[in-house]
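So the structure is just underneath, and the comments pick up after that.
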Amino acid sequence: MELDSIYTELILHASSDKKNFRKIENPDIEELGHNPSCGDELTIYAKINDGKIVDASFTGEGCAISKASTSLMIDIIKGKTVDEAKEIIAVFLNMIRGEELTKDELKKLKDARVFEGIKKLPARVKCATLSWHTMENLLEK
């Protein structure tokens with residue numbers, strides 16, 4: 001199987017995976033993210049206890065790239081401290097900007113590395129980064 005088709009399969013699977021697509025009951029914090037250029041709109045919910053993200057989820061409408069990126073981000077940051085999550089978000093956004101990452105930084109991104117090539121598709125960059133920017137805003141509150 002070609003590498004591109006493996007990536008496509010991962011994105012399609014993550015975009016249809018419903019485990020993170022829900023509203024947390026009584027979230028501690030939530031943040032709306034909107035991409036006016038394509039209409040993607042999502043709300044991210046989080047429960048934070050003692051500086052740790054104990055649960056996170058999202059609802060909304062978006063393309064497969066947007067939903068997959070959001071779901072993979074939630075998988076990665078759940079259980080992390082707020083500071084660890086902020087660092088992971090920064091690494092992801094640096095990857096999308098085309099910056100060189102270390103092996104350790106790439107490891108932190110887990111399956112979200114699938115979006116590394118998105119920088120070659122400028123129209124889709126906002127789709128892949130919408131939730132990461134939204135989570136970044138949420139964690140700043």
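Chain labels follow the order of the structure tokens: the first chain is A, the next B, and so on; residue numbering restarts at 1 in every chain, and ligands are counted from 1 in their shown order.
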DSSP on the backbone, strand (DSSP E) only: what residues of stretch 17-141 of chain A does that give? Format it as an MDAnalysis selection string.
chainID A and resid 29:35 40:49 52:61
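Minimum atom-to-atom distance to A:Lys18, evaluated using only C-alpha atoms, belongs to A:Phe58 out of A:Phe58, A:Gly51, A:Ser37, A:Leu42.
Every protein or nucleic acid residue with an atom no more than 12 Å from A:Ile29, counting only C-alpha atoms and leaving out same-chain residues fewer than 2 positions away, appears here: Lys23, Ile24, Glu25, Asn26, Pro27, Glu31, Leu32, Thr43, Ile44, Tyr45, Ala46, Lys47, Ile48, Asn49, Ile53, Asp55, Ala56, Ser57, Phe58, Thr134, Met135, Asn137, Leu138, Leu139, Glu140 and Lys141 of chain A.
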May I have the selected residues written with N, CA and C atoms, as a PDB file, in the first residue's frame?
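result28.pdb, freshly written:
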ATOM      1  N   LYS A  23     -20.373  16.329  23.195  1.00  0.00           N
ATOM      2  CA  LYS A  23     -20.235  17.433  24.138  1.00  0.00           C
ATOM      3  C   LYS A  23     -20.027  16.837  25.522  1.00  0.00           C
ATOM      4  N   ILE A  24     -18.952  17.243  26.167  1.00  0.00           N
ATOM      5  CA  ILE A  24     -18.691  16.812  27.532  1.00  0.00           C
ATOM      6  C   ILE A  24     -19.774  17.394  28.434  1.00  0.00           C
ATOM      7  N   GLU A  25     -20.255  16.582  29.350  1.00  0.00           N
ATOM      8  CA  GLU A  25     -21.219  17.085  30.324  1.00  0.00           C
ATOM      9  C   GLU A  25     -20.494  18.014  31.293  1.00  0.00           C
ATOM     10  N   ASN A  26     -21.022  19.195  31.500  1.00  0.00           N
ATOM     11  CA  ASN A  26     -20.447  20.201  32.407  1.00  0.00           C
ATOM     12  C   ASN A  26     -18.959  20.476  32.146  1.00  0.00           C
ATOM     13  N   PRO A  27     -18.605  20.913  30.921  1.00  0.00           N
ATOM     14  CA  PRO A  27     -17.191  21.210  30.666  1.00  0.00           C
ATOM     15  C   PRO A  27     -16.730  22.393  31.516  1.00  0.00           C
ATOM     16  N   GLU A  31     -14.574  26.556  23.716  1.00  0.00           N
ATOM     17  CA  GLU A  31     -14.118  27.601  22.795  1.00  0.00           C
ATOM     18  C   GLU A  31     -14.648  27.297  21.398  1.00  0.00           C
ATOM     19  N   LEU A  32     -15.196  28.319  20.759  1.00  0.00           N
ATOM     20  CA  LEU A  32     -15.695  28.198  19.394  1.00  0.00           C
ATOM     21  C   LEU A  32     -14.591  28.565  18.424  1.00  0.00           C
ATOM     22  N   THR A  43     -16.785  23.572  18.135  1.00  0.00           N
ATOM     23  CA  THR A  43     -16.633  23.972  19.529  1.00  0.00           C
ATOM     24  C   THR A  43     -15.851  22.872  20.227  1.00  0.00           C
ATOM     25  N   ILE A  44     -14.810  23.282  20.927  1.00  0.00           N
ATOM     26  CA  ILE A  44     -13.999  22.340  21.691  1.00  0.00           C
ATOM     27  C   ILE A  44     -14.350  22.508  23.162  1.00  0.00           C
ATOM     28  N   TYR A  45     -14.523  21.395  23.844  1.00  0.00           N
ATOM     29  CA  TYR A  45     -14.869  21.361  25.265  1.00  0.00           C
ATOM     30  C   TYR A  45     -13.731  20.684  26.017  1.00  0.00           C
ATOM     31  N   ALA A  46     -13.487  21.137  27.241  1.00  0.00           N
ATOM     32  CA  ALA A  46     -12.443  20.492  28.036  1.00  0.00           C
ATOM     33  C   ALA A  46     -12.793  20.499  29.509  1.00  0.00           C
ATOM     34  N   LYS A  47     -12.358  19.448  30.169  1.00  0.00           N
ATOM     35  CA  LYS A  47     -12.381  19.362  31.633  1.00  0.00           C
ATOM     36  C   LYS A  47     -10.931  19.370  32.065  1.00  0.00           C
ATOM     37  N   ILE A  48     -10.608  20.328  32.928  1.00  0.00           N
ATOM     38  CA  ILE A  48      -9.235  20.463  33.403  1.00  0.00           C
ATOM     39  C   ILE A  48      -9.249  20.375  34.920  1.00  0.00           C
ATOM     40  N   ASN A  49      -8.430  19.472  35.444  1.00  0.00           N
ATOM     41  CA  ASN A  49      -8.373  19.247  36.872  1.00  0.00           C
ATOM     42  C   ASN A  49      -6.911  19.296  37.317  1.00  0.00           C
ATOM     43  N   ILE A  53      -5.519  18.053  31.538  1.00  0.00           N
ATOM     44  CA  ILE A  53      -6.697  17.897  30.682  1.00  0.00           C
ATOM     45  C   ILE A  53      -7.212  16.474  30.882  1.00  0.00           C
ATOM     46  N   ASP A  55     -10.378  15.436  30.167  1.00  0.00           N
ATOM     47  CA  ASP A  55     -11.255  15.047  29.063  1.00  0.00           C
ATOM     48  C   ASP A  55     -11.358  16.215  28.105  1.00  0.00           C
ATOM     49  N   ALA A  56     -11.581  15.904  26.833  1.00  0.00           N
ATOM     50  CA  ALA A  56     -11.787  16.923  25.808  1.00  0.00           C
ATOM     51  C   ALA A  56     -12.643  16.309  24.714  1.00  0.00           C
ATOM     52  N   SER A  57     -13.385  17.160  24.030  1.00  0.00           N
ATOM     53  CA  SER A  57     -14.237  16.689  22.949  1.00  0.00           C
ATOM     54  C   SER A  57     -14.562  17.862  22.036  1.00  0.00           C
ATOM     55  N   PHE A  58     -15.321  17.571  20.975  1.00  0.00           N
ATOM     56  CA  PHE A  58     -15.729  18.650  20.078  1.00  0.00           C
ATOM     57  C   PHE A  58     -17.064  18.324  19.411  1.00  0.00           C
ATOM     58  N   THR A 134      -7.860  26.827  18.034  1.00  0.00           N
ATOM     59  CA  THR A 134      -8.988  26.944  18.965  1.00  0.00           C
ATOM     60  C   THR A 134      -8.599  26.398  20.336  1.00  0.00           C
ATOM     61  N   MET A 135      -7.935  25.252  20.367  1.00  0.00           N
ATOM     62  CA  MET A 135      -7.479  24.675  21.637  1.00  0.00           C
ATOM     63  C   MET A 135      -6.451  25.588  22.292  1.00  0.00           C
ATOM     64  N   ASN A 137      -6.318  28.826  22.088  1.00  0.00           N
ATOM     65  CA  ASN A 137      -7.101  29.911  22.696  1.00  0.00           C
ATOM     66  C   ASN A 137      -7.786  29.450  23.974  1.00  0.00           C
ATOM     67  N   LEU A 138      -8.350  28.261  23.940  1.00  0.00           N
ATOM     68  CA  LEU A 138      -9.038  27.707  25.112  1.00  0.00           C
ATOM     69  C   LEU A 138      -8.079  27.593  26.295  1.00  0.00           C
ATOM     70  N   LEU A 139      -6.881  27.097  26.039  1.00  0.00           N
ATOM     71  CA  LEU A 139      -5.911  26.873  27.107  1.00  0.00           C
ATOM     72  C   LEU A 139      -5.318  28.165  27.658  1.00  0.00           C
ATOM     73  N   GLU A 140      -5.468  29.252  26.927  1.00  0.00           N
ATOM     74  CA  GLU A 140      -4.980  30.549  27.396  1.00  0.00           C
ATOM     75  C   GLU A 140      -5.931  31.187  28.403  1.00  0.00           C
ATOM     76  N   LYS A 141      -7.146  30.677  28.478  1.00  0.00           N
ATOM     77  CA  LYS A 141      -8.162  31.255  29.372  1.00  0.00           C
ATOM     78  C   LYS A 141      -7.923  30.881  30.825  1.00  0.00           C
TER      79      LYS A 141
END
Quick check for you: according to DSSP on this backbone, which residues of stretch 38-116 of chain A are classed as helix (DSSP H, G or I)? Reply as a ChimeraX atom specification.
/A:64-77,82-96,103-116
With N, CA and C atoms kept, could you save the residues just selected as a compact mmCIF listing (two decimals), in the first residue's frame?
# COMPACT_ATOMS: atom_id res chain seq x y z
N ALA A 64 -13.49 16.63 6.25
CA ALA A 64 -12.80 15.46 6.80
C ALA A 64 -11.45 15.85 7.41
N ILE A 65 -10.73 16.76 6.79
CA ILE A 65 -9.42 17.17 7.31
C ILE A 65 -9.59 17.86 8.66
N SER A 66 -10.55 18.76 8.74
CA SER A 66 -10.80 19.49 9.98
C SER A 66 -11.19 18.55 11.11
N LYS A 67 -12.12 17.65 10.85
CA LYS A 67 -12.59 16.71 11.88
C LYS A 67 -11.49 15.74 12.29
N ALA A 68 -10.73 15.23 11.32
CA ALA A 68 -9.66 14.29 11.62
C ALA A 68 -8.58 14.97 12.46
N SER A 69 -8.20 16.17 12.07
CA SER A 69 -7.18 16.90 12.81
C SER A 69 -7.62 17.15 14.25
N THR A 70 -8.89 17.50 14.42
CA THR A 70 -9.42 17.77 15.75
C THR A 70 -9.42 16.51 16.61
N SER A 71 -9.89 15.42 16.04
CA SER A 71 -9.96 14.16 16.79
C SER A 71 -8.57 13.67 17.19
N LEU A 72 -7.62 13.76 16.26
CA LEU A 72 -6.26 13.33 16.57
C LEU A 72 -5.63 14.23 17.63
N MET A 73 -5.88 15.53 17.55
CA MET A 73 -5.36 16.46 18.56
C MET A 73 -5.89 16.10 19.94
N ILE A 74 -7.19 15.83 20.03
CA ILE A 74 -7.79 15.48 21.32
C ILE A 74 -7.17 14.19 21.86
N ASP A 75 -6.98 13.19 21.00
CA ASP A 75 -6.33 11.94 21.43
C ASP A 75 -4.96 12.22 22.04
N ILE A 76 -4.23 13.15 21.44
CA ILE A 76 -2.86 13.43 21.88
C ILE A 76 -2.82 14.21 23.19
N ILE A 77 -3.71 15.19 23.34
CA ILE A 77 -3.59 16.08 24.52
C ILE A 77 -4.33 15.58 25.76
N VAL A 82 -1.70 21.21 30.96
CA VAL A 82 -1.96 22.34 30.07
C VAL A 82 -0.67 22.77 29.38
N ASP A 83 0.43 22.82 30.12
CA ASP A 83 1.72 23.22 29.53
C ASP A 83 2.20 22.23 28.48
N GLU A 84 2.03 20.93 28.75
CA GLU A 84 2.41 19.92 27.76
C GLU A 84 1.57 20.06 26.50
N ALA A 85 0.27 20.30 26.67
CA ALA A 85 -0.62 20.47 25.52
C ALA A 85 -0.23 21.69 24.70
N LYS A 86 0.10 22.79 25.38
CA LYS A 86 0.53 24.00 24.66
C LYS A 86 1.79 23.72 23.84
N GLU A 87 2.70 22.95 24.42
CA GLU A 87 3.95 22.61 23.71
C GLU A 87 3.64 21.75 22.48
N ILE A 88 2.76 20.79 22.61
CA ILE A 88 2.38 19.92 21.49
C ILE A 88 1.71 20.74 20.39
N ILE A 89 0.85 21.65 20.78
CA ILE A 89 0.18 22.52 19.80
C ILE A 89 1.22 23.34 19.04
N ALA A 90 2.18 23.91 19.75
CA ALA A 90 3.24 24.70 19.11
C ALA A 90 4.04 23.85 18.12
N VAL A 91 4.35 22.62 18.50
CA VAL A 91 5.09 21.72 17.61
C VAL A 91 4.28 21.44 16.35
N PHE A 92 2.99 21.15 16.50
CA PHE A 92 2.13 20.88 15.35
C PHE A 92 2.11 22.08 14.41
N LEU A 93 1.88 23.27 14.96
CA LEU A 93 1.80 24.47 14.13
C LEU A 93 3.15 24.76 13.46
N ASN A 94 4.25 24.49 14.15
CA ASN A 94 5.57 24.64 13.53
C ASN A 94 5.74 23.67 12.37
N MET A 95 5.26 22.44 12.53
CA MET A 95 5.33 21.44 11.46
C MET A 95 4.57 21.93 10.23
N ILE A 96 3.38 22.45 10.46
CA ILE A 96 2.55 22.93 9.35
C ILE A 96 3.22 24.11 8.64
N LYS A 103 13.33 14.54 16.15
CA LYS A 103 12.64 13.25 16.28
C LYS A 103 11.73 13.24 17.50
N ASP A 104 12.20 13.84 18.60
CA ASP A 104 11.39 13.90 19.82
C ASP A 104 10.12 14.72 19.61
N GLU A 105 10.25 15.82 18.88
CA GLU A 105 9.06 16.65 18.60
C GLU A 105 8.07 15.88 17.74
N LEU A 106 8.58 15.21 16.70
CA LEU A 106 7.70 14.42 15.83
C LEU A 106 6.99 13.33 16.62
N LYS A 107 7.70 12.72 17.56
CA LYS A 107 7.12 11.66 18.39
C LYS A 107 5.93 12.17 19.19
N LYS A 108 6.02 13.42 19.67
CA LYS A 108 4.94 14.02 20.46
C LYS A 108 3.66 14.15 19.64
N LEU A 109 3.78 14.27 18.33
CA LEU A 109 2.61 14.48 17.47
C LEU A 109 1.86 13.19 17.15
N LYS A 110 2.48 12.05 17.41
CA LYS A 110 1.85 10.75 17.15
C LYS A 110 1.24 10.74 15.76
N ASP A 111 -0.03 10.32 15.62
CA ASP A 111 -0.68 10.21 14.31
C ASP A 111 -0.92 11.55 13.63
N ALA A 112 -0.85 12.64 14.36
CA ALA A 112 -1.07 13.96 13.75
C ALA A 112 0.04 14.31 12.75
N ARG A 113 1.12 13.52 12.76
CA ARG A 113 2.17 13.73 11.76
C ARG A 113 1.66 13.54 10.34
N VAL A 114 0.53 12.87 10.21
CA VAL A 114 -0.07 12.65 8.90
C VAL A 114 -0.33 13.98 8.17
N PHE A 115 -0.45 15.06 8.93
CA PHE A 115 -0.74 16.36 8.33
C PHE A 115 0.50 17.13 7.90
N GLU A 116 1.66 16.52 8.00
CA GLU A 116 2.90 17.22 7.63
C GLU A 116 2.86 17.74 6.20
Separation of atom CA of A:Asp50 and atom CA of A:His133, in Å?
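Between atom CA of A:Asp50 and atom CA of A:His133 the gap works out to 22.6 Å.
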Nearest candidate to A:Glu41 (options A:Cys63, A:Arg22, A:Lys78, A:Thr8; using only C-alpha atoms)
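Of A:Cys63, A:Arg22, A:Lys78, A:Thr8, the one nearest A:Glu41, counting only C-alpha atoms, is A:Cys63.
Distances here use only C-alpha atoms; by that measure, the residue among A:Leu121, A:Glu99, A:Gly62, A:Asn20 closest to A:Gly33 is A:Gly62.
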